[in-house]
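Peer 1: File follows, start-v2.cif with mmCIF, C-alpha atoms:
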data_structure
loop_
_atom_site.label_atom_id
_atom_site.label_comp_id
_atom_site.auth_asym_id
_atom_site.auth_seq_id
_atom_site.Cartn_x
_atom_site.Cartn_y
_atom_site.Cartn_z
CA MET A 6 20.51 -5.54 12.30
CA THR A 7 20.20 -6.45 8.64
CA ASP A 8 18.09 -4.18 6.48
CA VAL A 9 15.82 -6.37 4.36
CA ILE A 10 15.44 -3.90 1.48
CA ASP A 11 19.21 -3.30 1.32
CA THR A 12 19.84 -7.04 1.40
CA LEU A 13 17.31 -7.89 -1.30
CA VAL A 14 18.41 -5.07 -3.61
CA GLY A 15 22.07 -5.83 -2.89
CA ILE A 16 22.97 -2.34 -1.65
CA ALA A 17 26.58 -2.45 -0.44
CA PRO A 18 27.84 -0.06 2.24
CA GLY A 19 29.51 2.91 0.57
CA SER A 20 27.69 2.43 -2.74
CA LYS A 21 25.77 5.20 -4.51
CA LEU A 22 22.40 3.75 -3.49
CA ASP A 23 23.60 3.40 0.10
CA ALA A 24 24.29 7.14 0.13
CA ILE A 25 20.91 7.91 -1.44
CA ARG A 26 19.08 5.78 1.10
CA ALA A 27 21.11 7.40 3.90
CA ASN A 28 19.54 10.75 2.92
CA ARG A 29 16.16 9.25 3.84
CA SER A 30 17.43 7.56 6.98
CA GLU A 31 14.10 7.75 8.82
CA ALA A 32 12.26 6.09 5.94
CA ARG A 33 14.97 3.44 5.71
CA LYS A 34 14.90 2.78 9.45
CA HIS A 35 11.13 2.66 9.73
CA ALA A 36 10.55 0.57 6.60
CA GLN A 37 12.74 -1.95 8.39
CA ALA A 38 10.88 -1.37 11.68
CA SER A 39 7.62 -2.06 9.80
CA TYR A 40 9.07 -5.36 8.64
CA THR A 41 10.21 -6.23 12.17
CA SER A 42 6.89 -5.32 13.75
CA LEU A 43 5.05 -7.55 11.27
CA PHE A 44 7.42 -10.53 11.14
CA GLU A 45 9.25 -10.40 14.47
CA PRO A 46 6.58 -8.72 16.60
CA ARG A 47 7.15 -8.06 20.30
CA ASP A 48 3.72 -9.60 20.80
CA PRO A 49 2.23 -11.63 17.93
CA ALA A 50 -1.22 -11.07 19.49
CA GLY A 51 -3.88 -12.85 17.40
CA VAL A 52 -1.88 -13.61 14.26
CA THR A 53 0.62 -16.49 14.48
CA ALA A 54 4.09 -16.45 12.93
CA ASP A 55 3.08 -19.22 10.50
CA GLU A 56 0.02 -17.24 9.41
CA ARG A 57 2.14 -14.12 8.86
CA HIS A 58 4.65 -16.06 6.78
CA ALA A 59 2.00 -17.89 4.78
CA ILE A 60 0.27 -14.63 3.83
CA ALA A 61 3.63 -13.01 3.01
CA ALA A 62 4.64 -15.88 0.73
CA PHE A 63 1.26 -15.67 -1.01
CA VAL A 64 1.60 -11.88 -1.51
CA SER A 65 5.17 -12.11 -2.80
CA GLY A 66 4.25 -15.02 -5.07
CA LEU A 67 1.41 -12.98 -6.57
CA HIS A 68 3.77 -10.07 -7.26
CA GLY A 69 6.40 -12.31 -8.84
CA GLU A 70 9.32 -10.04 -7.94
CA PRO A 71 11.99 -12.76 -7.80
CA LYS A 72 14.09 -11.56 -4.85
CA THR A 73 11.24 -10.87 -2.43
CA ASP A 74 9.45 -14.00 -3.56
CA ALA A 75 12.48 -16.19 -2.76
CA PHE A 76 12.95 -14.40 0.59
CA TYR A 77 9.40 -14.94 1.86
CA THR A 78 8.95 -18.39 0.33
CA ALA A 79 12.02 -19.57 2.25
CA LYS A 80 10.27 -18.60 5.51
CA LEU A 81 7.20 -20.74 4.80
CA PRO A 82 6.53 -23.69 7.08
CA ALA A 83 7.33 -26.83 5.05
CA GLY A 84 3.82 -28.19 5.39
CA LEU A 85 2.36 -25.19 3.58
CA ARG A 86 4.84 -24.88 0.70
CA ALA A 87 3.06 -26.98 -1.90
CA ALA A 88 -0.36 -25.50 -1.10
CA VAL A 89 0.85 -21.90 -1.25
CA ALA A 90 2.72 -22.52 -4.52
CA ALA A 91 -0.38 -24.08 -6.08
CA GLU A 92 -2.63 -21.23 -4.91
CA VAL A 93 -0.17 -18.61 -6.18
CA ALA A 94 -0.13 -20.27 -9.60
CA ALA A 95 -3.93 -20.40 -9.70
CA ALA A 96 -4.47 -16.88 -8.32
CA LYS A 97 -1.91 -14.86 -10.29
CA SER A 98 -3.55 -12.08 -12.27
CA LYS A 99 -3.01 -8.58 -13.65
CA GLY A 100 -3.86 -5.41 -11.80
CA PRO A 101 -5.13 -3.10 -10.69
CA TYR A 102 -8.66 -3.93 -11.84
CA GLY A 103 -12.07 -3.35 -10.30
CA ARG A 104 -15.15 -1.19 -10.36
CA PHE A 105 -15.57 2.45 -9.38
CA PRO A 106 -18.58 3.89 -7.52
CA LYS A 107 -21.54 4.13 -9.91
CA GLY A 108 -21.38 7.37 -11.87
CA PRO A 109 -19.08 9.06 -14.37
CA LEU A 110 -16.18 6.77 -13.39
CA SER A 111 -18.18 3.67 -14.35
CA ALA A 112 -16.83 4.19 -17.88
CA GLU A 113 -13.43 3.21 -16.44
CA ASP A 114 -14.69 0.05 -14.72
CA ALA A 115 -12.43 -2.93 -15.30
CA PRO A 116 -14.41 -5.73 -13.68
CA GLY A 117 -12.63 -8.97 -12.88
CA PRO A 118 -12.93 -12.13 -10.86
CA THR A 119 -13.19 -12.60 -7.11
CA TRP A 120 -10.75 -15.40 -6.53
CA LYS A 121 -11.41 -18.40 -4.25
CA VAL A 122 -8.98 -20.88 -2.69
CA SER A 123 -9.25 -24.35 -4.27
CA ASP A 124 -11.15 -27.04 -2.39
CA ALA A 125 -8.04 -29.19 -2.57
CA ASN A 126 -5.95 -26.75 -0.51
CA ARG A 127 -8.63 -25.39 1.81
CA LYS A 128 -8.00 -28.16 4.30
CA THR A 129 -4.21 -27.82 4.24
CA LEU A 130 -4.47 -24.09 4.87
CA GLY A 131 -6.69 -24.61 7.91
CA ALA A 132 -9.64 -22.70 9.31
CA ARG A 133 -8.52 -19.10 8.90
CA LEU A 134 -5.98 -18.81 6.08
CA PRO A 135 -8.32 -19.45 3.14
CA ALA A 136 -10.37 -16.33 4.01
CA ALA A 137 -7.15 -14.34 4.49
CA PHE A 138 -5.79 -15.49 1.11
CA GLU A 139 -9.03 -14.55 -0.64
CA HIS A 140 -8.93 -11.11 0.97
CA THR A 141 -5.25 -10.79 0.08
CA HIS A 142 -5.94 -11.50 -3.58
CA MET A 143 -8.46 -8.66 -3.64
CA LEU A 144 -6.04 -6.28 -1.87
CA VAL A 145 -3.23 -7.12 -4.27
CA PHE A 146 -5.06 -7.09 -7.61
CA HIS A 147 -8.34 -5.20 -7.21
CA PRO A 148 -8.33 -3.14 -4.03
CA ARG A 149 -11.00 -0.72 -5.28
CA ASP A 150 -13.52 -3.62 -5.15
CA ALA A 151 -13.15 -3.66 -1.36
CA ALA A 152 -16.41 -3.50 0.62
CA ALA A 153 -17.57 -4.21 4.16
CA PRO A 154 -18.76 -7.78 3.37
CA ALA A 155 -15.15 -8.75 2.59
CA LEU A 156 -14.23 -7.84 6.18
CA GLN A 157 -17.26 -9.73 7.47
CA SER A 158 -15.90 -12.84 5.72
CA LEU A 159 -12.67 -12.43 7.69
CA LEU A 160 -14.56 -11.94 10.97
CA ASP A 161 -16.68 -15.02 10.21
CA ALA A 162 -13.53 -17.06 9.58
CA GLY A 163 -12.29 -16.24 13.08
CA TRP A 164 -10.10 -13.16 12.54
CA SER A 165 -10.76 -10.41 15.10
CA THR A 166 -10.96 -6.71 14.25
CA THR A 167 -7.40 -6.27 15.53
CA ASP A 168 -6.21 -9.30 13.53
CA ILE A 169 -7.73 -7.73 10.39
CA VAL A 170 -5.70 -4.56 10.98
CA THR A 171 -2.51 -6.63 11.25
CA VAL A 172 -3.27 -8.75 8.19
CA SER A 173 -4.20 -5.66 6.16
CA GLN A 174 -0.98 -3.92 7.20
CA LEU A 175 0.99 -7.00 6.28
CA VAL A 176 -0.39 -7.16 2.74
CA ALA A 177 -0.23 -3.38 2.29
CA PHE A 178 3.33 -3.11 3.64
CA LEU A 179 4.50 -5.87 1.30
CA SER A 180 2.85 -4.05 -1.61
CA TYR A 181 5.25 -1.22 -0.71
CA GLN A 182 8.36 -3.24 0.09
CA ILE A 183 8.16 -5.34 -3.08
CA ARG A 184 7.87 -2.22 -5.26
CA VAL A 185 10.78 -0.52 -3.52
CA VAL A 186 12.93 -3.61 -4.07
CA SER A 187 11.86 -3.79 -7.71
CA GLY A 188 12.33 -0.05 -8.31
CA LEU A 189 15.68 0.29 -6.55
CA SER A 190 16.99 -2.88 -8.24
CA THR A 191 16.13 -1.33 -11.60
CA LEU A 192 17.78 1.95 -10.58
CA ALA A 193 20.87 0.04 -9.39
CA SER A 194 21.10 -1.70 -12.76
CA THR A 195 21.50 1.69 -14.47
CA LEU A 196 24.16 3.14 -12.16
CA MET B 27 -18.96 -14.21 19.60
CA THR B 28 -18.17 -13.26 16.01
CA GLU B 29 -17.71 -9.53 15.54
CA LYS B 30 -19.78 -7.61 13.00
CA THR B 31 -18.76 -4.92 10.55
CA LEU B 32 -20.05 -1.40 11.08
CA THR B 33 -22.76 0.22 9.01
CA PRO B 34 -21.68 3.81 8.33
CA SER B 35 -24.30 6.45 9.05
CA PRO B 36 -26.12 7.93 6.01
CA HIS B 37 -23.70 9.88 3.83
CA THR B 38 -22.99 10.85 0.25
CA GLU B 39 -20.39 8.76 -1.52
CA PRO B 40 -18.06 10.74 -3.81
CA VAL B 41 -18.37 9.32 -7.34
CA VAL B 42 -15.60 11.34 -9.01
CA PHE B 43 -12.00 12.14 -8.11
CA THR B 44 -11.90 15.50 -6.37
CA ARG B 45 -9.59 17.91 -4.54
CA ASP B 46 -12.37 18.57 -2.01
CA MET B 47 -11.86 17.57 1.63
CA LEU B 48 -13.51 14.20 2.28
CA ASP B 49 -14.42 12.23 5.39
CA TRP B 50 -13.56 8.57 5.89
CA LEU B 51 -15.91 6.11 7.58
CA PRO B 52 -14.58 2.83 9.00
CA TRP B 53 -16.13 -0.60 8.35
CA ILE B 54 -14.65 -2.08 11.51
CA GLU B 55 -14.45 -0.55 14.97
CA PRO B 56 -11.61 1.90 15.71
CA MET B 57 -10.28 1.97 19.27
CA ALA B 58 -12.24 4.16 21.63
CA GLU B 59 -10.11 7.06 22.79
CA GLN B 60 -10.59 6.13 26.47
CA ASP B 61 -9.31 2.58 25.82
CA MET B 62 -6.04 3.71 24.28
CA THR B 63 -2.88 3.12 26.33
CA GLU B 64 0.25 5.30 26.23
CA ARG B 65 1.61 2.95 23.58
CA HIS B 66 -1.47 3.33 21.37
CA LEU B 67 -1.38 7.11 21.73
CA ALA B 68 2.34 7.27 20.96
CA SER B 69 1.81 5.19 17.81
CA LEU B 70 -0.27 8.04 16.35
CA VAL B 71 2.94 10.17 16.27
CA ASP B 72 0.80 13.34 15.87
CA ALA B 73 -1.42 13.62 18.95
CA SER B 74 -4.17 15.32 16.91
CA ARG B 75 -4.70 12.08 14.99
CA VAL B 76 -6.61 10.71 17.96
CA LYS B 77 -9.62 12.45 16.37
CA SER B 78 -9.24 10.36 13.20
CA PRO B 79 -11.17 7.06 13.07
CA TYR B 80 -8.67 5.81 10.48
CA PHE B 81 -5.69 6.24 12.79
CA ARG B 82 -7.57 4.98 15.84
CA LEU B 83 -8.37 1.83 13.85
CA LEU B 84 -4.75 1.32 12.76
CA ALA B 85 -3.64 1.95 16.37
CA ARG B 86 -4.92 -1.55 17.16
CA ASP B 87 -1.47 -2.66 15.91
CA PRO B 88 0.57 0.24 17.29
CA ASP B 89 4.10 -0.87 16.36
CA VAL B 90 3.34 -1.16 12.67
CA LEU B 91 1.28 2.06 12.69
CA GLU B 92 4.13 4.05 14.19
CA ALA B 93 6.68 2.60 11.76
CA ARG B 94 4.30 3.22 8.83
CA THR B 95 3.78 6.83 9.84
CA ARG B 96 7.47 7.61 10.32
CA THR B 97 8.25 6.01 6.93
CA ASP B 98 5.51 8.13 5.33
CA LYS B 99 6.70 11.38 6.87
CA ASP B 100 10.30 10.99 5.73
CA ILE B 101 9.32 9.99 2.18
CA PHE B 102 7.08 13.03 1.77
CA TYR B 103 8.29 15.73 4.15
CA ASN B 104 12.08 15.40 4.24
CA PRO B 105 13.10 18.61 2.42
CA GLU B 106 16.70 17.61 1.78
CA ALA B 107 17.53 17.22 -1.96
CA GLY B 108 15.78 14.63 -4.11
CA LEU B 109 12.40 15.13 -5.75
CA PRO B 110 10.56 18.41 -5.01
CA ARG B 111 7.65 17.92 -2.62
CA ALA B 112 5.09 18.79 -5.31
CA GLU B 113 6.28 15.89 -7.45
CA ARG B 114 6.37 13.40 -4.59
CA GLU B 115 2.72 14.36 -4.09
CA LEU B 116 2.09 14.00 -7.83
CA ALA B 117 3.40 10.42 -7.68
CA ALA B 118 1.10 9.75 -4.70
CA ALA B 119 -1.90 11.23 -6.51
CA ALA B 120 -1.18 9.30 -9.73
CA THR B 121 -0.79 6.02 -7.84
CA SER B 122 -4.06 6.66 -5.98
CA ARG B 123 -5.82 7.58 -9.24
CA LEU B 124 -4.75 4.28 -10.83
CA ASN B 125 -5.60 2.10 -7.83
CA GLY B 126 -8.90 3.94 -7.46
CA CYS B 127 -8.49 5.46 -4.00
CA ILE B 128 -10.69 8.55 -4.18
CA TYR B 129 -9.88 9.54 -0.59
CA CYS B 130 -6.07 9.28 -0.94
CA ALA B 131 -6.16 11.01 -4.32
CA SER B 132 -8.11 13.94 -2.83
CA VAL B 133 -5.52 14.57 -0.12
CA HIS B 134 -2.45 14.29 -2.32
CA ALA B 135 -3.94 16.10 -5.30
CA ARG B 136 -4.56 19.02 -2.91
CA PHE B 137 -0.92 18.89 -1.79
CA ALA B 138 0.35 18.53 -5.38
CA ALA B 139 -1.73 21.55 -6.45
CA THR B 140 -0.64 23.62 -3.45
CA TYR B 141 3.08 22.95 -3.81
CA SER B 142 3.24 23.12 -7.63
CA LYS B 143 0.60 25.85 -8.10
CA ARG B 144 -0.47 23.83 -11.19
CA VAL B 145 -4.08 23.38 -10.14
CA ASP B 146 -5.38 22.75 -13.66
CA ASP B 147 -2.83 20.05 -14.43
CA VAL B 148 -3.53 18.26 -11.14
CA GLN B 149 -7.26 18.46 -11.79
CA ARG B 150 -6.71 17.04 -15.30
CA LEU B 151 -4.94 14.04 -13.78
CA LEU B 152 -7.98 13.49 -11.54
CA ASP B 153 -10.51 14.03 -14.35
CA GLU B 154 -8.82 12.18 -17.19
CA GLY B 155 -6.77 9.64 -15.28
CA VAL B 156 -3.14 8.62 -15.56
CA GLY B 157 -3.14 9.00 -19.36
CA ALA B 158 -3.70 12.78 -19.11
CA LYS B 159 -1.10 14.86 -20.96
CA LEU B 160 0.47 17.31 -18.49
CA ASP B 161 4.02 18.13 -19.61
CA GLU B 162 7.09 16.05 -20.36
CA ARG B 163 8.39 16.01 -16.81
CA TRP B 164 5.07 15.30 -15.12
CA ASP B 165 4.12 12.71 -17.75
CA ALA B 166 7.38 10.87 -17.04
CA ILE B 167 6.68 10.94 -13.29
CA VAL B 168 3.11 9.71 -13.75
CA ALA B 169 4.22 6.97 -16.17
CA ALA B 170 6.86 5.74 -13.72
CA SER B 171 4.30 5.70 -10.88
CA VAL B 172 1.91 3.70 -13.08
CA ALA B 173 4.62 1.19 -14.04
CA LEU B 174 5.49 0.63 -10.36
CA THR B 175 1.82 0.25 -9.41
CA ALA B 176 0.79 -2.13 -12.20
CA LEU B 177 0.92 -5.88 -11.70
CA PRO B 178 3.02 -7.38 -13.02
CA ILE B 179 5.30 -4.43 -12.21
CA THR B 180 6.46 -2.99 -15.54
CA PHE B 181 8.93 -0.39 -14.19
CA GLY B 182 12.18 -0.77 -16.14
CA PRO B 183 15.34 1.01 -17.30
CA GLN B 184 13.32 2.83 -19.96
CA HIS B 185 11.38 4.65 -17.20
CA ILE B 186 14.61 5.67 -15.51
CA GLU B 187 16.03 6.91 -18.78
CA ARG B 188 12.90 9.01 -19.36
CA LEU B 189 13.09 10.44 -15.83
CA ARG B 190 16.72 11.38 -16.31
CA ALA B 191 15.90 13.01 -19.63
CA VAL B 192 13.44 15.36 -17.88
CA GLY B 193 15.97 16.30 -15.20
CA LEU B 194 15.58 13.85 -12.30
CA ASP B 195 18.84 12.80 -10.64
CA ASP B 196 19.32 9.47 -8.87
CA ALA B 197 18.12 10.80 -5.50
CA ALA B 198 14.97 12.21 -7.12
CA ILE B 199 14.29 8.90 -8.86
CA ALA B 200 14.71 7.08 -5.53
CA ASP B 201 12.21 9.51 -3.98
CA LEU B 202 9.73 8.81 -6.75
CA ILE B 203 10.11 5.06 -6.20
CA GLY B 204 9.51 5.65 -2.47
CA ALA B 205 6.45 7.85 -2.98
CA ALA B 206 4.69 5.65 -5.56
CA SER B 207 5.50 2.48 -3.62
CA PHE B 208 4.29 4.00 -0.36
CA PHE B 209 0.93 4.80 -1.89
CA ASN B 210 0.52 1.18 -2.84
CA TRP B 211 0.62 0.65 0.92
CA ALA B 212 -1.63 3.57 1.89
CA ASN B 213 -4.24 3.03 -0.85
CA ARG B 214 -4.81 -0.57 0.22
CA LEU B 215 -5.53 0.39 3.83
CA MET B 216 -7.80 3.31 2.96
CA LEU B 217 -9.71 1.37 0.29
CA SER B 218 -10.26 -1.78 2.28
CA LEU B 219 -11.00 -0.70 5.86
CA GLY B 220 -13.65 1.94 5.20
CA GLU B 221 -15.12 4.33 2.66
CA PRO B 222 -14.97 8.03 1.74
CA ALA B 223 -17.86 10.44 2.26
CA THR B 224 -18.42 13.99 1.05
CA GLN B 225 -18.36 16.62 3.77
CA GLY B 226 -21.23 18.86 4.82
#
Please re-express this file's structure in structure tokens.

Peer 2:
Amino acid sequence: MTDVIDTLVGIAPGSKLDAIRANRSEARKHAQASYTSLFEPRDPAGVTADERHAIAAFVSGLHGEPKTDAFYTAKLPAGLRAAVAAEVAAAKSKGPYGRFPKGPLSAEDAPGPTWKVSDANRKTLGARLPAAFEHTHMLVFHPRDAAAPALQSLLDAGWSTTDIVTVSQLVAFLSYQIRVVSGLSTLASTL
Amino acid sequence: MTEKTLTPSPHTEPVVFTRDMLDWLPWIEPMAEQDMTERHLASLVDASRVKSPYFRLLARDPDVLEARTRTDKDIFYNPEAGLPRAERELAAAATSRLNGCIYCASVHARFAATYSKRVDDVQRLLDEGVGAKLDERWDAIVAASVALTALPITFGPQHIERLRAVGLDDAAIADLIGAASFFNWANRLMLSLGEPATQG
């Protein structure tokens, strides 16, 4: 079984980083198991493979880490490629921004936009993905702006409570995996 | 029928970063304990987590919850070599401070303070934010966590050089990357599926 993080970072068996990762073998194994459970699930339940890959390509595009971006973009269904690329270009931002609860932390507020999918691509993305992409943008760039109405928007678009857990895990897991790939690639470049 | 989000019962929202114990109230329905199968229960890893609405909510997708939890435990609890536990927790607290997760920051600031015994420095990170001056080693760890958390990611060889200069070896740097990256996972779940509440 190929380890996605090892593959993307280019960690060769017997290398220094291979030995370092081997000292955290449970984390290595279960980071990969997280990937498998999200992208090759035993039971996809309410979230289709195409939806999973579309959201993943959007997340990796927003992060702009070249290796993960190429990996997830390659898994996109052909019919969604142009739309996802256009939405990534339009949605890309800097983070993390957002507001804090009203009080002393308000001095640190960094308000920013709530992003919406373009009308042009709404149709291509279908009934449910536009709401998921809008939620994803918030999770990626301004997660502290999260509030219950954002989840209601997902429910209204046809995602169930269980689907929301899966989609949230998918975006959150990728936020981890992309940073590990970026960080370990940088470390590898100094060894 | 379209499902509806939950309205948490009346509570006090924490408005500052704190080391106090907090509660967490979900915005969508966790599984009811009596509806959980063996698979759902096993995905909690620690049986006591069945009392936590957060883990009962995540148990709706048990395979990813179990993998998430086992990844988490090895990154933070594996005592073999690498970064001392206190500084893995510091990276988690700094990441949570920057992303704005008051709940996550409270848990990991408590751990960082307990394991390092540097209560005042940890509290300064919470009060002043990731720009707080702690000491050379902790500032390098916080700065690296910030660079990994920021988008675009700004973590580069200069961060690694700074970490080496304050005594981190390659295994410790890899641990730091794991801890800060993992909290970019955890913060997003905690922040977006419910809200913190003060206890009592």

Peer 1: Write down, as a VMD selection string, each residue of chain A that has any atom within 6 Å of an atom of chain B, counting only C-alpha atoms.

Peer 2: chain A and resid 25 31 to 32 35 to 36 38 to 39 42 99 to 101 106 108 149 151 153 157 167 177 to 178 180 to 181 184 188

Peer 1: Would you please work out which residue, of A:Gly51, A:Asp11, A:His140, A:Thr191, is nearest to A:Gly163 when using only C-alpha atoms?

Peer 2: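 When distances to A:Gly163 are compared using only C-alpha atoms, the smallest one comes from A:Gly51.
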
Peer 1: What does the structure give for the distance between atom CA of A:Ala62 and atom CA of A:Gly103, in Å to one decimal?

Peer 2: 23.6 Å

Peer 1: Given the choices B:Leu152, B:Ser35, B:Ala223, B:Ser78, which gets closest to B:Thr121 if the distance is worked out from only C-alpha atoms?

Peer 2: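 Residue with the minimum atom-to-atom distance to B:Thr121: B:Leu152.
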
Peer 1: Given the file above and the PyMOL selection byres ((chain B and resi 139) around 12), which residues are selected, and can you give them as a PyMOL selection string?

Peer 2: chain B and resi 44-46+111-116+119+131-138+140-152

Peer 1: Next, write the just-selected residues to a file, as an mmCIF file, keeping the file's coordinate frame, keeping C-alpha atoms as the atom set.

Peer 2:
data_model
loop_
_atom_site.group_PDB
_atom_site.id
_atom_site.type_symbol
_atom_site.label_atom_id
_atom_site.label_comp_id
_atom_site.auth_asym_id
_atom_site.auth_seq_id
_atom_site.Cartn_x
_atom_site.Cartn_y
_atom_site.Cartn_z
ATOM 1 C CA THR B 44 -11.900 15.500 -6.370
ATOM 2 C CA ARG B 45 -9.590 17.910 -4.540
ATOM 3 C CA ASP B 46 -12.370 18.570 -2.010
ATOM 4 C CA ARG B 111 7.650 17.920 -2.620
ATOM 5 C CA ALA B 112 5.090 18.790 -5.310
ATOM 6 C CA GLU B 113 6.280 15.890 -7.450
ATOM 7 C CA ARG B 114 6.370 13.400 -4.590
ATOM 8 C CA GLU B 115 2.720 14.360 -4.090
ATOM 9 C CA LEU B 116 2.090 14.000 -7.830
ATOM 10 C CA ALA B 119 -1.900 11.230 -6.510
ATOM 11 C CA ALA B 131 -6.160 11.010 -4.320
ATOM 12 C CA SER B 132 -8.110 13.940 -2.830
ATOM 13 C CA VAL B 133 -5.520 14.570 -0.120
ATOM 14 C CA HIS B 134 -2.450 14.290 -2.320
ATOM 15 C CA ALA B 135 -3.940 16.100 -5.300
ATOM 16 C CA ARG B 136 -4.560 19.020 -2.910
ATOM 17 C CA PHE B 137 -0.920 18.890 -1.790
ATOM 18 C CA ALA B 138 0.350 18.530 -5.380
ATOM 19 C CA THR B 140 -0.640 23.620 -3.450
ATOM 20 C CA TYR B 141 3.080 22.950 -3.810
ATOM 21 C CA SER B 142 3.240 23.120 -7.630
ATOM 22 C CA LYS B 143 0.600 25.850 -8.100
ATOM 23 C CA ARG B 144 -0.470 23.830 -11.190
ATOM 24 C CA VAL B 145 -4.080 23.380 -10.140
ATOM 25 C CA ASP B 146 -5.380 22.750 -13.660
ATOM 26 C CA ASP B 147 -2.830 20.050 -14.430
ATOM 27 C CA VAL B 148 -3.530 18.260 -11.140
ATOM 28 C CA GLN B 149 -7.260 18.460 -11.790
ATOM 29 C CA ARG B 150 -6.710 17.040 -15.300
ATOM 30 C CA LEU B 151 -4.940 14.040 -13.780
ATOM 31 C CA LEU B 152 -7.980 13.490 -11.540
#

Peer 1: Expanded to explicit residues, what is the PyMOL selection byres ((chain A and resi 82) around 8) for this file, as a ChimeraX atom specification?

Peer 2: /A:55,58-59,80-81,83-86

Peer 1: What is the distance, in Å and to one decimal place, between atom CA of A:Leu130 and atom CA of A:Gly69?

Peer 2: 21.1 Å

Peer 1: Would you compute the distance between atom CA of A:Val93 and atom CA of A:Val176? Give it in Å to one decimal.

Peer 2: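 We find that atom CA of A:Val93 and atom CA of A:Val176 lie 14.5 Å from each other.
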
Peer 1: Please determine, counting only C-alpha atoms, which residue among A:Ser194, A:Pro109, A:Thr41, A:Gly15 has the shortest atom-to-atom distance to A:Ala54.

Peer 2: A:Thr41

Peer 1: Quick one: axis-aligned box around all listed atoms of stretch 125-134 of chain A, 6 Å on every side, centre and edge lengths in Å to one decimal, written as lines of an AutoDock Vina configuration file.

Peer 2:
center_x = -6.9
center_y = -24.0
center_z = 3.4
size_x = 17.4
size_y = 22.4
size_z = 23.9

Peer 1: Residues within 12 Å of A:Tyr77, please, as number ranges by chain. Count only C-alpha atoms; anything in the same chain fewer than 2 positions from it doesn't count.

Peer 2: A: 9, 13, 40, 44, 55, 57-75, 79-82, 86, 89-90, 179, 182-183

Peer 1: Take the point (-2.8, -32.4, -1.8) as written in the file and pick out every residue within 10 Å of it, counting only C-alpha atoms; give the list as an MDAnalysis selection string.

Peer 2: chainID A and resid 87:88 91 124:129

Peer 1: Please write the residues from the selection above to a file, keeping C-alpha atoms, as a PDB file, keeping the file's coordinate frame.

Peer 2:
ATOM      1  CA  ALA A  87       3.060 -26.980  -1.900  1.00  0.00           C
ATOM      2  CA  ALA A  88      -0.360 -25.500  -1.100  1.00  0.00           C
ATOM      3  CA  ALA A  91      -0.380 -24.080  -6.080  1.00  0.00           C
ATOM      4  CA  ASP A 124     -11.150 -27.040  -2.390  1.00  0.00           C
ATOM      5  CA  ALA A 125      -8.040 -29.190  -2.570  1.00  0.00           C
ATOM      6  CA  ASN A 126      -5.950 -26.750  -0.510  1.00  0.00           C
ATOM      7  CA  ARG A 127      -8.630 -25.390   1.810  1.00  0.00           C
ATOM      8  CA  LYS A 128      -8.000 -28.160   4.300  1.00  0.00           C
ATOM      9  CA  THR A 129      -4.210 -27.820   4.240  1.00  0.00           C
TER      10      THR A 129
END

Peer 1: I'd like the contact shell of B:Ala58 - 10 Å cut-off, all atoms listed in the file, skipping same-chain residues fewer than 4 positions apart - returned as a PyMOL selection string.

Peer 2: chain B and resi 62+76+79+82-83
